[in-house]
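Enquirer: You'll find my_file.cif just under this line, and it carries mmCIF, C-alpha atoms.
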```cif
data_entry
loop_
_atom_site.group_PDB
_atom_site.id
_atom_site.type_symbol
_atom_site.label_atom_id
_atom_site.label_comp_id
_atom_site.auth_asym_id
_atom_site.auth_seq_id
_atom_site.Cartn_x
_atom_site.Cartn_y
_atom_site.Cartn_z
ATOM 1 C CA MET A 3 -38.608 132.770 63.672
ATOM 2 C CA SER A 4 -39.233 135.637 66.046
ATOM 3 C CA GLU A 5 -38.082 133.727 69.105
ATOM 4 C CA ILE A 6 -34.452 133.907 68.024
ATOM 5 C CA PRO A 7 -33.443 137.561 67.882
ATOM 6 C CA LEU A 8 -31.197 138.736 65.079
ATOM 7 C CA SER A 9 -28.413 139.568 67.511
ATOM 8 C CA HIS A 10 -27.953 135.893 68.383
ATOM 9 C CA ILE A 11 -27.251 135.024 64.764
ATOM 10 C CA LEU A 12 -24.915 137.998 64.568
ATOM 11 C CA PHE A 13 -23.152 136.670 67.661
ATOM 12 C CA VAL A 14 -22.389 133.441 65.812
ATOM 13 C CA SER A 15 -21.120 135.228 62.721
ATOM 14 C CA THR A 16 -19.009 137.694 64.713
ATOM 15 C CA ALA A 17 -17.494 134.886 66.751
ATOM 16 C CA LEU A 18 -16.733 132.924 63.584
ATOM 17 C CA PHE A 19 -15.109 135.984 62.020
ATOM 18 C CA PHE A 20 -12.808 136.461 64.996
ATOM 19 C CA ILE A 21 -11.994 132.753 65.165
ATOM 20 C CA GLY A 22 -10.824 133.120 61.573
ATOM 21 C CA MET A 23 -8.804 136.192 62.536
ATOM 22 C CA TYR A 24 -7.165 134.256 65.369
ATOM 23 C CA GLY A 25 -6.180 131.527 62.930
ATOM 24 C CA LEU A 26 -4.793 134.089 60.525
ATOM 25 C CA PHE A 27 -2.698 135.668 63.297
ATOM 26 C CA THR A 28 -1.262 132.508 64.815
ATOM 27 C CA ARG A 29 -0.813 130.167 61.883
ATOM 28 C CA ARG A 30 2.256 130.362 59.711
ATOM 29 C CA ASN A 31 1.356 127.608 57.277
ATOM 30 C CA MET A 32 -0.204 128.937 54.094
ATOM 31 C CA ILE A 33 -2.857 126.240 53.769
ATOM 32 C CA THR A 34 -4.123 126.782 57.302
ATOM 33 C CA MET A 35 -4.165 130.531 56.709
ATOM 34 C CA LEU A 36 -6.304 129.866 53.649
ATOM 35 C CA MET A 37 -8.668 127.833 55.831
ATOM 36 C CA SER A 38 -8.992 130.777 58.215
ATOM 37 C CA ILE A 39 -9.884 133.024 55.292
ATOM 38 C CA GLU A 40 -12.615 130.586 54.297
ATOM 39 C CA LEU A 41 -14.055 130.816 57.817
ATOM 40 C CA ILE A 42 -14.072 134.623 57.610
ATOM 41 C CA LEU A 43 -15.857 134.592 54.245
ATOM 42 C CA ASN A 44 -18.452 132.178 55.597
ATOM 43 C CA SER A 45 -19.198 134.409 58.572
ATOM 44 C CA VAL A 46 -19.946 137.221 56.113
ATOM 45 C CA ASN A 47 -22.324 134.914 54.251
ATOM 46 C CA ILE A 48 -24.236 134.184 57.452
ATOM 47 C CA ASN A 49 -24.571 137.924 58.005
ATOM 48 C CA PHE A 50 -25.961 138.578 54.550
ATOM 49 C CA VAL A 51 -28.538 135.813 54.744
ATOM 50 C CA ALA A 52 -29.622 136.766 58.266
ATOM 51 C CA PHE A 53 -30.069 140.431 57.381
ATOM 52 C CA ASN A 54 -32.024 139.499 54.295
ATOM 53 C CA LYS A 55 -34.288 137.170 56.251
ATOM 54 C CA TYR A 56 -34.937 139.406 59.230
ATOM 55 C CA LEU A 57 -34.836 142.953 57.905
ATOM 56 C CA TYR A 58 -35.820 142.837 54.224
ATOM 57 C CA PRO A 59 -37.849 139.696 53.641
ATOM 58 C CA ASN A 60 -39.471 141.085 50.510
ATOM 59 C CA GLN A 61 -36.178 141.317 48.612
ATOM 60 C CA LEU A 62 -33.510 138.857 47.577
ATOM 61 C CA ASN A 63 -30.405 141.053 47.541
ATOM 62 C CA GLY A 64 -28.639 139.335 50.439
ATOM 63 C CA ILE A 65 -29.097 135.983 48.728
ATOM 64 C CA PHE A 66 -27.433 137.326 45.591
ATOM 65 C CA PHE A 67 -24.529 138.773 47.497
ATOM 66 C CA THR A 68 -24.056 135.419 49.200
ATOM 67 C CA ILE A 69 -23.997 133.625 45.852
ATOM 68 C CA PHE A 70 -21.413 136.045 44.486
ATOM 69 C CA ILE A 71 -19.264 135.759 47.607
ATOM 70 C CA ILE A 72 -19.301 131.967 47.352
ATOM 71 C CA THR A 73 -18.276 132.205 43.695
ATOM 72 C CA ILE A 74 -15.434 134.594 44.395
ATOM 73 C CA ALA A 75 -14.287 132.502 47.367
ATOM 74 C CA ALA A 76 -14.069 129.466 45.122
ATOM 75 C CA ALA A 77 -11.991 131.384 42.569
ATOM 76 C CA GLU A 78 -9.792 132.787 45.339
ATOM 77 C CA ALA A 79 -9.164 129.367 46.864
ATOM 78 C CA ALA A 80 -8.225 127.928 43.489
ATOM 79 C CA VAL A 81 -5.746 130.717 42.725
ATOM 80 C CA ALA A 82 -4.297 130.583 46.240
ATOM 81 C CA ILE A 83 -3.703 126.846 46.011
ATOM 82 C CA ALA A 84 -2.051 127.245 42.606
ATOM 83 C CA ILE A 85 0.277 129.839 44.142
ATOM 84 C CA ILE A 86 0.965 127.591 47.148
ATOM 85 C CA ILE A 87 1.882 124.654 44.940
ATOM 86 C CA ASN A 88 4.136 126.851 42.817
ATOM 87 C CA LEU A 89 5.794 128.184 45.982
ATOM 88 C CA TYR A 90 6.286 124.658 47.261
ATOM 89 C CA ARG A 91 8.047 123.766 44.021
ATOM 90 C CA SER A 92 10.519 126.607 44.317
ATOM 91 C CA HIS A 93 11.023 126.760 48.105
ATOM 92 C CA HIS A 94 10.116 123.217 49.271
ATOM 93 C CA SER A 95 8.151 124.786 52.107
ATOM 94 C CA ILE A 96 4.854 126.611 52.421
ATOM 95 C CA ASP A 97 5.697 128.396 55.633
ATOM 96 C CA VAL A 98 5.253 132.128 55.143
ATOM 97 C CA GLU A 99 8.447 132.834 57.078
ATOM 98 C CA ASP A 100 10.447 130.998 54.423
ATOM 99 C CA ALA A 101 9.150 133.113 51.567
ATOM 100 C CA ASP A 102 11.028 136.274 52.462
ATOM 101 C CA GLU A 103 12.808 137.317 49.268
ATOM 102 C CA LEU A 104 10.782 140.493 48.992
ATOM 103 C CA LYS A 105 11.195 141.421 52.657
ATOM 104 C CA TRP A 106 12.786 144.852 53.017
ATOM 105 C CA MET B 18 -38.013 127.183 74.220
ATOM 106 C CA SER B 19 -39.180 125.331 71.176
ATOM 107 C CA ALA B 20 -37.324 122.743 69.166
ATOM 108 C CA TYR B 21 -36.736 125.401 66.525
ATOM 109 C CA ALA B 22 -34.708 127.537 68.951
ATOM 110 C CA ILE B 23 -32.879 124.542 70.403
ATOM 111 C CA PHE B 24 -31.815 123.546 66.896
ATOM 112 C CA PHE B 25 -30.338 126.989 66.377
ATOM 113 C CA TYR B 26 -28.230 126.815 69.533
ATOM 114 C CA ILE B 27 -27.039 123.297 68.748
ATOM 115 C CA ILE B 28 -26.011 124.289 65.227
ATOM 116 C CA SER B 29 -24.270 127.437 66.499
ATOM 117 C CA ALA B 30 -22.325 125.551 69.152
ATOM 118 C CA PHE B 31 -21.321 123.007 66.521
ATOM 119 C CA ILE B 32 -20.099 125.706 64.100
ATOM 120 C CA LEU B 33 -18.107 127.586 66.719
ATOM 121 C CA GLY B 34 -16.640 124.477 68.366
ATOM 122 C CA THR B 35 -15.433 122.945 65.127
ATOM 123 C CA GLY B 36 -14.223 126.358 63.973
ATOM 124 C CA VAL B 37 -12.074 126.771 67.085
ATOM 125 C CA LEU B 38 -10.691 123.267 66.643
ATOM 126 C CA ALA B 39 -9.924 124.008 62.975
ATOM 127 C CA VAL B 40 -7.716 126.956 63.861
ATOM 128 C CA THR B 41 -6.058 125.473 66.949
ATOM 129 C CA THR B 42 -5.300 121.832 66.194
ATOM 130 C CA ARG B 43 -1.708 121.199 65.227
ATOM 131 C CA LYS B 44 -2.225 118.395 62.764
ATOM 132 C CA ILE B 45 -2.987 119.964 59.424
ATOM 133 C CA PHE B 46 -5.153 117.172 58.108
ATOM 134 C CA ARG B 47 -7.350 117.241 61.201
ATOM 135 C CA SER B 48 -7.597 120.981 60.776
ATOM 136 C CA ALA B 49 -9.005 120.469 57.273
ATOM 137 C CA ILE B 50 -11.523 117.942 58.555
ATOM 138 C CA TRP B 51 -12.687 120.272 61.343
ATOM 139 C CA LEU B 52 -13.067 123.005 58.744
ATOM 140 C CA LEU B 53 -15.220 120.591 56.743
ATOM 141 C CA PHE B 54 -17.494 120.047 59.753
ATOM 142 C CA SER B 55 -17.703 123.777 60.388
ATOM 143 C CA LEU B 56 -18.777 124.408 56.794
ATOM 144 C CA ILE B 57 -21.382 121.654 57.033
ATOM 145 C CA GLY B 58 -22.666 123.347 60.193
ATOM 146 C CA ILE B 59 -22.975 126.630 58.323
ATOM 147 C CA ALA B 60 -24.949 124.828 55.615
ATOM 148 C CA GLY B 61 -27.182 123.536 58.418
ATOM 149 C CA LEU B 62 -27.655 127.104 59.628
ATOM 150 C CA PHE B 63 -28.745 128.087 56.122
ATOM 151 C CA PHE B 64 -31.241 125.214 56.101
ATOM 152 C CA TRP B 65 -32.461 126.456 59.468
ATOM 153 C CA MET B 66 -33.014 129.913 57.967
ATOM 154 C CA ASP B 67 -35.074 128.392 55.132
ATOM 155 C CA VAL B 68 -32.693 129.379 52.359
ATOM 156 C CA ASN B 69 -32.387 125.922 50.876
ATOM 157 C CA PHE B 70 -30.760 127.014 47.651
ATOM 158 C CA ILE B 71 -27.878 128.770 49.425
ATOM 159 C CA ALA B 72 -27.447 125.771 51.717
ATOM 160 C CA ALA B 73 -27.222 123.462 48.712
ATOM 161 C CA VAL B 74 -24.710 125.775 47.028
ATOM 162 C CA GLN B 75 -22.720 125.897 50.263
ATOM 163 C CA ILE B 76 -22.493 122.115 50.403
ATOM 164 C CA VAL B 77 -21.699 121.714 46.717
ATOM 165 C CA VAL B 78 -19.096 124.470 46.455
ATOM 166 C CA TYR B 79 -17.437 124.475 49.876
ATOM 167 C CA VAL B 80 -17.747 120.924 51.104
ATOM 168 C CA GLY B 81 -17.539 119.321 47.682
ATOM 169 C CA GLY B 82 -15.077 121.677 46.082
ATOM 170 C CA ILE B 83 -12.913 123.851 48.276
ATOM 171 C CA VAL B 84 -12.259 121.407 51.120
ATOM 172 C CA VAL B 85 -11.386 118.647 48.655
ATOM 173 C CA LEU B 86 -9.018 121.076 46.924
ATOM 174 C CA ILE B 87 -7.422 121.962 50.278
ATOM 175 C CA ILE B 88 -6.993 118.288 51.172
ATOM 176 C CA PHE B 89 -5.383 117.626 47.808
ATOM 177 C CA SER B 90 -2.952 120.460 48.309
ATOM 178 C CA ILE B 91 -2.129 119.160 51.807
ATOM 179 C CA PHE B 92 -1.268 115.812 50.287
ATOM 180 C CA LEU B 93 0.867 117.489 47.652
ATOM 181 C CA THR B 94 2.829 119.716 49.981
ATOM 182 C CA GLN B 95 2.880 118.309 53.514
ATOM 183 C CA LYS B 96 3.545 115.226 55.465
ATOM 184 C CA ALA B 97 0.039 114.963 56.785
ATOM 185 C CA GLY B 98 0.825 113.000 59.929
ATOM 186 C CA ASN B 99 3.357 115.444 61.278
ATOM 187 C CA GLU B 100 2.463 118.024 63.848
ATOM 188 C CA MET B 101 3.031 121.623 62.934
ATOM 189 C CA GLN B 102 5.380 123.545 65.135
ATOM 190 C CA LYS B 103 3.836 125.351 68.026
ATOM 191 C CA PRO B 104 3.210 129.052 67.491
ATOM 192 C CA ILE B 105 5.284 131.375 69.640
ATOM 193 C CA ARG B 106 3.655 131.858 73.029
ATOM 194 C CA SER B 107 3.682 135.650 72.934
ATOM 195 C CA ARG B 108 2.146 135.631 69.466
ATOM 196 C CA THR B 109 -0.643 133.339 70.640
ATOM 197 C CA PHE B 110 -1.265 135.532 73.653
ATOM 198 C CA PHE B 111 -1.419 138.797 71.740
ATOM 199 C CA ALA B 112 -3.509 137.285 68.935
ATOM 200 C CA ALA B 113 -6.011 135.979 71.474
ATOM 201 C CA LEU B 114 -6.044 139.344 73.225
ATOM 202 C CA ALA B 115 -6.607 141.295 70.002
ATOM 203 C CA VAL B 116 -9.296 138.896 68.839
ATOM 204 C CA LEU B 117 -11.081 138.997 72.175
ATOM 205 C CA LEU B 118 -11.036 142.788 72.323
ATOM 206 C CA GLY B 119 -12.214 143.042 68.725
ATOM 207 C CA PHE B 120 -15.020 140.603 69.382
ATOM 208 C CA ILE B 121 -16.178 142.445 72.492
ATOM 209 C CA LEU B 122 -16.084 145.792 70.694
ATOM 210 C CA SER B 123 -17.993 144.553 67.646
ATOM 211 C CA TYR B 124 -20.553 142.646 69.605
ATOM 212 C CA THR B 125 -21.302 145.537 71.951
ATOM 213 C CA LEU B 126 -21.892 147.728 68.914
ATOM 214 C CA ILE B 127 -24.154 145.097 67.349
ATOM 215 C CA TYR B 128 -25.986 144.470 70.596
ATOM 216 C CA GLN B 129 -26.731 148.127 71.177
ATOM 217 C CA TYR B 130 -27.934 148.757 67.665
ATOM 218 C CA ASN B 131 -31.675 148.553 67.546
ATOM 219 C CA PHE B 132 -32.564 146.397 64.573
ATOM 220 C CA GLN B 133 -36.152 146.649 63.452
ATOM 221 C CA PRO B 134 -37.185 143.255 62.160
ATOM 222 C CA ALA B 135 -39.937 143.208 59.585
ATOM 223 C CA SER B 136 -42.158 140.891 61.521
ATOM 224 C CA THR B 137 -45.042 140.551 59.146
ATOM 225 C CA GLN B 138 -43.493 138.961 56.111
ATOM 226 C CA GLN B 139 -41.698 135.691 55.765
ATOM 227 C CA LEU B 140 -38.759 135.374 53.440
ATOM 228 C CA ASN B 141 -39.869 133.145 50.612
ATOM 229 C CA VAL B 142 -36.992 132.042 48.438
ATOM 230 C CA SER B 143 -37.848 129.956 45.448
ATOM 231 C CA VAL B 144 -35.151 128.969 43.012
ATOM 232 C CA SER B 145 -37.174 130.266 40.075
ATOM 233 C CA ASP B 146 -37.309 133.739 41.671
ATOM 234 C CA ILE B 147 -33.553 133.702 42.175
ATOM 235 C CA GLY B 148 -32.972 132.608 38.592
ATOM 236 C CA ARG B 149 -35.325 135.182 37.149
ATOM 237 C CA GLN B 150 -33.806 138.059 39.070
ATOM 238 C CA MET B 151 -30.280 136.826 38.423
ATOM 239 C CA LEU B 152 -30.714 137.064 34.674
ATOM 240 C CA SER B 153 -32.984 140.073 34.460
ATOM 241 C CA THR B 154 -31.581 143.224 32.903
ATOM 242 C CA SER B 155 -34.244 145.533 34.286
ATOM 243 C CA GLN B 156 -34.151 147.484 37.548
ATOM 244 C CA GLY B 157 -32.849 145.299 40.374
ATOM 245 C CA GLY B 158 -31.613 142.580 38.057
ATOM 246 C CA TYR B 159 -28.236 140.977 38.470
ATOM 247 C CA ALA B 160 -27.329 140.212 34.854
ATOM 248 C CA LEU B 161 -24.256 142.462 34.820
ATOM 249 C CA PRO B 162 -22.632 141.106 38.031
ATOM 250 C CA PHE B 163 -23.444 137.621 36.781
ATOM 251 C CA GLU B 164 -21.473 138.223 33.597
ATOM 252 C CA VAL B 165 -18.632 139.935 35.461
ATOM 253 C CA VAL B 166 -18.357 136.982 37.833
ATOM 254 C CA SER B 167 -18.337 134.556 34.924
ATOM 255 C CA VAL B 168 -15.423 136.444 33.366
ATOM 256 C CA LEU B 169 -13.689 136.412 36.767
ATOM 257 C CA LEU B 170 -14.083 132.657 37.028
ATOM 258 C CA LEU B 171 -12.666 132.195 33.550
ATOM 259 C CA ALA B 172 -9.716 134.440 34.393
ATOM 260 C CA ALA B 173 -9.126 132.574 37.660
ATOM 261 C CA MET B 174 -9.222 129.230 35.884
ATOM 262 C CA ILE B 175 -6.724 130.264 33.216
ATOM 263 C CA GLY B 176 -4.589 131.987 35.828
ATOM 264 C CA CYS B 177 -4.451 128.848 37.973
ATOM 265 C CA ILE B 178 -3.398 126.735 35.031
ATOM 266 C CA VAL B 179 -0.690 129.209 34.049
ATOM 267 C CA ILE B 180 0.641 129.605 37.607
ATOM 268 C CA ALA B 181 0.748 125.923 38.476
ATOM 269 C CA MET B 182 1.895 124.710 35.071
ATOM 270 C CA LYS B 183 5.354 123.238 34.788
ATOM 271 C CA THR B 184 6.706 124.354 31.449
ATOM 272 C CA PRO B 185 9.177 121.970 29.829
ATOM 273 C CA SER B 186 11.660 124.750 29.159
ATOM 274 C CA MET B 187 11.663 126.096 32.687
ATOM 275 C CA ILE B 188 14.976 127.830 33.231
ATOM 276 C CA VAL B 189 16.582 127.289 36.602
ATOM 277 C CA ARG B 190 19.047 129.900 37.690
ATOM 278 C CA LYS B 191 21.369 128.023 39.965
ATOM 279 C CA ASP B 192 23.910 130.687 40.663
ATOM 280 C CA ILE B 193 23.873 134.445 40.496
ATOM 281 C CA GLU B 194 27.233 136.071 40.939
ATOM 282 C CA ILE B 195 27.379 139.769 41.665
ATOM 283 C CA ILE B 196 30.635 141.591 41.083
ATOM 284 C CA GLU B 197 30.945 144.644 43.287
ATOM 285 C CA PRO B 198 31.575 147.903 41.412
ATOM 286 C CA HIS B 199 34.895 149.634 41.880
ATOM 287 C CA GLY B 200 36.000 153.119 40.871
ATOM 288 C CA ASN B 201 33.705 156.110 40.793
ATOM 289 C CA GLY B 202 30.575 154.187 40.216
ATOM 290 C CA GLN B 203 30.312 154.751 36.500
ATOM 291 C CA GLU B 204 30.876 151.169 35.823
ATOM 292 C CA ARG B 205 27.798 149.158 35.775
ATOM 293 C CA ASN B 206 27.295 146.253 38.045
ATOM 294 C CA LYS B 207 28.198 143.212 36.181
ATOM 295 C CA ILE B 208 25.785 140.534 36.958
ATOM 296 C CA THR B 209 26.702 137.278 35.485
ATOM 297 C CA GLU B 210 23.950 134.861 35.463
ATOM 298 C CA LYS B 211 24.964 131.364 34.934
ATOM 299 C CA ILE B 212 22.189 129.472 33.440
ATOM 300 C CA LEU B 213 23.360 126.071 34.329
ATOM 301 C CA GLU B 214 20.536 123.875 33.680
ATOM 302 C CA THR B 215 17.523 123.714 31.507
ATOM 303 C CA GLU B 216 14.963 121.237 32.449
ATOM 304 C CA HIS B 217 13.870 118.915 29.731
ATOM 305 C CA GLU B 218 10.861 116.954 30.557
#
```
Can I see the file as structure tokens?
Expert:
Amino acid sequence: MSEIPLSHILFVSTALFFIGMYGLFTRRNMITMLMSIELILNSVNINFVAFNKYLYPNQLNGIFFTIFIITIAAAEAAVAIAIIINLYRSHHSIDVEDADELKW
Amino acid sequence: MSAYAIFFYIISAFILGTGVLAVTTRKIFRSAIWLLFSLIGIAGLFFWMDVNFIAAVQIVVYVGGIVVLIIFSIFLTQKAGNEMQKPIRSRTFFAALAVLLGFILSYTLIYQYNFQPASTQQLNVSVSDIGRQMLSTSQGGYALPFEVVSVLLLAAMIGCIVIAMKTPSMIVRKDIEIIEPHGNGQERNKITEKILETEHE
């Protein structure tokens, strides 16, 4: 375990977070934006587990936070997809540029 | 370098490569499949860190639940074979620039911070420990967040059904005609809403 320093795991999670941010910036399709959000949430999960394993191995708090984040991500994805399907019914498109009734 | 370390680098390269492909490919269905592989890679990273329960939850919830849900919604809303339109070049450039700068900033901060690993102990996660602490009401127990999250899941479930439900008496407003006010403004705007059609299903 000690041969991989913690900063290498944090490199992976940071890179994954910013890959998700890149997707969120460039994509305009709501489903792909939702996918980017899932990547961001997963990078946070990696962080929690790594900190728990390396810094506080006698506790389980990071594990619990990860479980709660996974739960909330599942609820969030379900609600987001319900909204997307409802939007598709009324606008026949899930591009965020087409849903501009509340702009200005 | 032992096999243990080599496994870590292979898994990391797999996660990041499939993640990049998931956000850059222009076919939406392929994007969902790359996301699936990335999530499986993250589950592999959890197995590598010896947290088997979290890895199992990751596979069950993300791979078995969320990705399937996303694929279903792609089939409901998109023509899956079509390519999405290319993002604007300047937007791609500035997004990449911002992301790169943010990554460099964050990782320099992380790299310079001196973490003190607790080298003596090994993390030992047994499912019975997790279950006992999850439902304990004493100090350090997670019974209250557990209940709050269960209420949240119930609310999300009902909310999803209500949002996506097609009511039989859904009123469609086809035409909204706005008559401009004239005079000194005391007259109210007359908004005539023509309710033309009521869906009966």
Enquirer: Could you name the residues that touch Asn54 of chain A at 9 Å or less, counting all atoms listed in the file, but leaving out those on the same chain fewer than 5 positions away, as a list in words?
Expert: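 Everything that qualifies: Asn49, Pro59, Asn60, Gln61, Leu62, Asn63, Gly64 and Ile65 of chain A; Leu140 of chain B.
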Enquirer: What's the 9 Å shell around Leu89 of chain A, counting only C-alpha atoms, without same-chain residues fewer than 6 positions away, as a list of chain:residue names?
Expert: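 Here the answer would be A:Ser95, A:Ile96, A:Ala101.
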Enquirer: Hey, what comes out of the PyMOL selection byres ((chain A) within 6 of (chain B)) on this file? Could you write it as a VMD selection string?
Expert: chain A and resid 20 24 to 25 27 to 28 55 to 57 59 77 81 84 88
Enquirer: Apply the PyMOL selection byres ((chain A and resi 48) around 8) to the displayed file and report the matching residues as a list in words.
Expert: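 When the PyMOL selection byres ((chain A and resi 48) around 8) is applied to the shown file, the picked residues are Ile11, Ser15, Asn44, Ser45, Val46, Asn47, Asn49, Phe50, Val51 and Ala52 of chain A; Ile59 and Phe63 of chain B.
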Enquirer: Quick one: pull the distance between atom CA of Asp97 of chain A and atom CA of Arg30 of chain A, Å, one decimal.
Expert: 5.7 Å
Enquirer: Just checking: using all atoms listed in the file, which residue out of A:Ser38, A:Phe53, A:Ile86, A:Thr73 ends up closest to Leu12 of chain A?
Expert: A:Phe53
Enquirer: Just checking: using all atoms listed in the file, which residue out of A:Met23, A:Ile6, A:Ile39, A:Ala17 ends up closest to Ala82 of chain A?
Expert: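 Under the stated criterion, the closest residue is A:Ile39.
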Enquirer: So what do you get for atom CA of Thr35 of chain B versus atom CA of Phe54 of chain B, distance-wise?
Expert: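 Distance reported for this atom pair: 6.4 Å.
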Enquirer: Looking at B:Ala20, B:Asn99, B:Gly148, B:Gln156, which one is nearest to Ile69 of chain A, with distances taken over all atoms listed in the file?
Expert: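 For Ile69 of chain A, the nearest of the given residues is B:Gly148.
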Enquirer: If I take atom CA of Phe31 of chain B and atom CA of Gly61 of chain B, how far is one from the other in Å, to one decimal?
Expert: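 Pair atom CA of Phe31 of chain B / atom CA of Gly61 of chain B returns 10.0 Å.
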Enquirer: Given the choices B:Arg47, B:Leu126, B:Gly58, B:Ile76, which gets closest to Val14 of chain A if the distance is worked out from all atoms listed in the file?
Expert: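 Counting all atoms listed in the file, the residue closest to Val14 of chain A is B:Gly58.
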Enquirer: Could you give me the centre and size, in Å to one decimal, of an axis-aligned box around all listed atoms of segment 51-61 of chain A with 6 Å added on every side, as AutoDock Vina command-line options?
Expert:
```
--center_x -34.0 --center_y 139.4 --center_z 53.9 --size_x 22.9 --size_y 19.1 --size_z 22.6
```
